[in-house]
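Worksheet for the structure shown next.
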Amino acid sequence: MEPFFHASPFTGYVYPNETIIPWTVLIVVYPYLTGLVAGAFTVSSLYQVFGFQRLKPVAHFALLVSLCCMVVVPIPLLLHLGHPERAFNAMITPHTTSAFAIFSYAAAFYVILLVLETWFVFRPHIVRQAQQRTGLLGWYYRILSLGSYDLSEKAMRYDRKWIFTLAIIGIPGAHGLHGYVGFVFGSLKSREWWSSDLMPAIFLFSAIISGTALLIVLYVISCKLRKVPVDVPCLKGMAYALWGFMMFTLLLEGVEFASLVYRGREGIDVIMEFVKGPLVVPFFILQFGVGSVLPICVLTFLIWRGTSGNTLVTAVALCAFLVLLAVLMMRWNVVIGGQEISKTGKGLLSYHPLIFGREGLLAAAMVLVTPLVLLLVMVRLFPPWDEDTTLATSAAGAR
Amino acid sequence: MEENELEQQDRRDFLSCLGSALACGAAAVAASALAPPATAATAATAGAKPPAIPGYDWSKHRWGYGVDATKCIGCLRCVEACKKENNVLGDAHHFRTWVERYVYLEGEETARIDSHADPVNIAASGSEGEYRFADRYKDAKVEKAFFVPKLCNHCTHPACVQVCPTGATYKTEDGVVVIDHTYCIGCQYCVQACPYGARYFDERRNVTDKCTWCYHRITKGLQPACVEVCPVGARIFGDLNDKQSPISQFVKNNQVQVLRRESGNAPNVFYVGIDKEVI
């Protein structure tokens, strides 16, 4: 039988109840996923709203990525809850002062928005499939068309307006959603490691880089799988965005850490002990060194040298992959790190994740893989690559 | 052609309805996000009232708790009584109340702190279900030492109540923070939010749990179990509305302190005889 709980070893003095770490690796995965949602949506909006034409090849793909990640977001939370069957209590009788209760509304609102926008974008494809296909898939597309088969220029113009509007609302929607996740942690005064006004901003910027990085990786892989050449201007556009947002993220993280140390409030000695000890590998080596500084240097070099061709594609994809790992490590260092520093300010705990079980590493890995599996199905149902299947739209087109 | 127009009109109407619904939703979310945290307790208690306890009127009491650390001898009867009375998990990781030991050794500026849940003390007791403080400083020169009993502070502005997404944990009108175990979803946000480490997750029932000042006892005119068994009177409990109650007298006759005042939680466990090192 699986034991009831797993107590963490500690040094110094920690409160007796703290020896069981409340939030596990699943709560690392949860903000990581919402971050990918917000980041992928940002790339989509850069095209849909701000008219960055070079991002056109991934704009619709980005929407699908965002949607696939978003529908998986509740899973790690539900797996973590002691009573997942009561999860809707938070929506039926929300306690309005709780960041969590509001999150469920914000998330529901955003899912609806995302589904609507995806529907409008892929409506031409849905209508054509509904008219051409027979059998089960035909029924599927006919139901999805909601009975509207009008693809006239007038109707398209109307749809474009909706896409534009939804994309605009989606910007504060997606970013608000993820900023909120930062607030869930940053607003807790009980933990010095989390309690920072900069937390929502840090979460937001790291979200944007993770989403952009995921799109780069998936786009390059998809091109290889489809055996089509990678659109280099598009890839470069994403690489520029990644570079720029990474600078912001690093700056914010630096400022946050500096002010934490400079303020030097109660418990700072233990925090410094943590930083110099258990945090060296996950933070300084993995998150900061390999995941942030290395990709920034490589990207800078590529931009400076004007590298092109296969070298550029491979190098950018590898950098993006490293950034994805760095952001995962960042979530780990925030969520787990915060709990490893005792509330007493006089002790450190060490979290040892389980492999199996509801809150184990395997479950977390499966949650992370699920959006990719979903995406495999989605790109078949709604091909984001063919221009004539989707509504080619941008800010310029909508106005 | 006309039919086409009509269909399009229908779609337009449907979509504009949906648009307004989305906008309303966003506004509601924004509005509720701005609600001030101070209303947390009132919001929780303003809803459906829990079933009344016969012969007890919660609006007539304001419970308070005192700890006289100068009296505590670290016998841990309170911890054992609490575990039995409240059916708390019988191990070294789940406590509604616990006792900390602060020891200053000669030549050291900071206190060495442990609780009965420390592995050394558990090894000395021989079982995770029995508690004692090991005589671990017998070969050292102790300059100063004292015990500090800890429990939920039943704060006036409880951070745990503020963050609970369902309102399963709430503050009663008589000043006790309790949990509705049939409504708790087990997210453990409250465990994170409590600055005192007073909450834990009960893995048997998959809900969070904490000290209730033995609400089932105090509403019948009894003392909390820990207060009842304390052989030296280090734990004091009573009604702050009653000027003659032990707690009112304790607060009146002593210069009392609270833990982590800077948290803004306004705790309601009042301490006498604690030291700068007490956290």
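Please note that chains go A, B, ... in the order of the structure tokens, that every chain numbers its residues from 1, and that ligands are numbered from 1 in the order shown.
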
Inset, instruction - Kindly provide, as a ChimeraX atom specification, the residues of chain A having any atom no farther than 6 Å from an atom of chain B, counting only C-alpha atoms. - result: /A:4,15-17,81-83,86,89-90,94-98,100-101,188,190

Report as an mmCIF file with N, CA and C atoms, in the first residue's frame all protein, DNA and RNA residues lying within 7 Å of B:Gly238, evaluated on only C-alpha atoms, omitting residues in the same chain fewer than 6 positions from it.
```
data_model
loop_
_atom_site.group_PDB
_atom_site.id
_atom_site.type_symbol
_atom_site.label_atom_id
_atom_site.label_comp_id
_atom_site.auth_asym_id
_atom_site.auth_seq_id
_atom_site.Cartn_x
_atom_site.Cartn_y
_atom_site.Cartn_z
ATOM 1 N N TRP B 63 -13.697 34.317 22.210
ATOM 2 C CA TRP B 63 -12.711 33.463 22.856
ATOM 3 C C TRP B 63 -11.290 33.986 22.660
ATOM 4 N N GLY B 64 -10.462 33.740 23.661
ATOM 5 C CA GLY B 64 -9.054 34.126 23.575
ATOM 6 C C GLY B 64 -8.197 33.096 24.285
ATOM 7 N N TYR B 65 -6.914 33.096 23.975
ATOM 8 C CA TYR B 65 -6.021 32.055 24.483
ATOM 9 C C TYR B 65 -4.727 32.704 24.967
ATOM 10 N N SER B 245 -12.907 36.483 33.356
ATOM 11 C CA SER B 245 -12.419 35.183 32.860
ATOM 12 C C SER B 245 -10.902 35.105 32.978
ATOM 13 N N PRO B 246 -10.350 33.886 33.061
ATOM 14 C CA PRO B 246 -8.891 33.747 33.197
ATOM 15 C C PRO B 246 -8.134 34.472 32.096
ATOM 16 N N ILE B 247 -8.648 34.424 30.867
ATOM 17 C CA ILE B 247 -7.890 35.044 29.763
ATOM 18 C C ILE B 247 -7.917 36.568 29.879
#
```

Legend entry - helix (DSSP H, G or I) positions in stretch 88-259 of chain B, given as a ChimeraX atom specification: /B:119-125,159-163,189-193,215-218,225-229,246-253

Legend entry - B:Ile274 surroundings by only C-alpha atoms, 12 Å radius, close-in-sequence under 5 positions cut, as a PyMOL selection string: chain B and resi 67-72+100-102+144-150+255-259+279

Legend entry - Backbone DSSP call of strand (DSSP E or B) for stretch 101-143 of chain B, listed as a list in words: Arg101, Tyr102, Val103, Tyr104, Leu105, Arg112, Ile113, Asp114, Ser115, Val142 and Glu143 of chain B

Output file for the residues above (C-alpha atoms, as a JSON list (two decimals), in the first residue's frame):
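This is the output file part.json:
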```json
[["chain", "number", "residue", "atom", "x", "y", "z"],
["B", 101, "ARG", "CA", 12.36, 24.25, 23.20],
["B", 102, "TYR", "CA", 14.77, 27.19, 23.10],
["B", 103, "VAL", "CA", 18.21, 26.64, 24.59],
["B", 104, "TYR", "CA", 21.03, 29.17, 24.84],
["B", 105, "LEU", "CA", 24.35, 27.48, 25.41],
["B", 112, "ARG", "CA", 19.14, 26.24, 19.58],
["B", 113, "ILE", "CA", 15.58, 25.35, 18.74],
["B", 114, "ASP", "CA", 13.87, 22.00, 18.52],
["B", 115, "SER", "CA", 10.43, 20.58, 19.05],
["B", 142, "VAL", "CA", 23.11, 25.81, 29.33],
["B", 143, "GLU", "CA", 22.79, 29.52, 29.99]]
```

Inset, instruction - Grab the atom CA of B:Ala52 to atom CA of B:Thr219 distance for me, in Å with one decimal place. - result: 10.6 Å

Inset, instruction - Go ahead and compute the interatomic distance for atom CA of A:Ile341 and atom CA of B:Cys152, in Å to one decimal. - result: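 Atom-to-atom, atom CA of A:Ile341 and atom CA of B:Cys152 are spaced 20.7 Å apart.
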
Legend entry - All residues 12 Å or closer to A:Phe288, only C-alpha atoms, same chain fewer than 2 positions away omitted, as JSON, numbers by chain: {"A": [246, 249, 250, 251, 253, 254, 279, 280, 281, 282, 283, 284, 285, 286, 290, 291, 292, 293, 294, 295, 296, 322, 323, 325, 326, 327, 328, 329, 330, 333]}
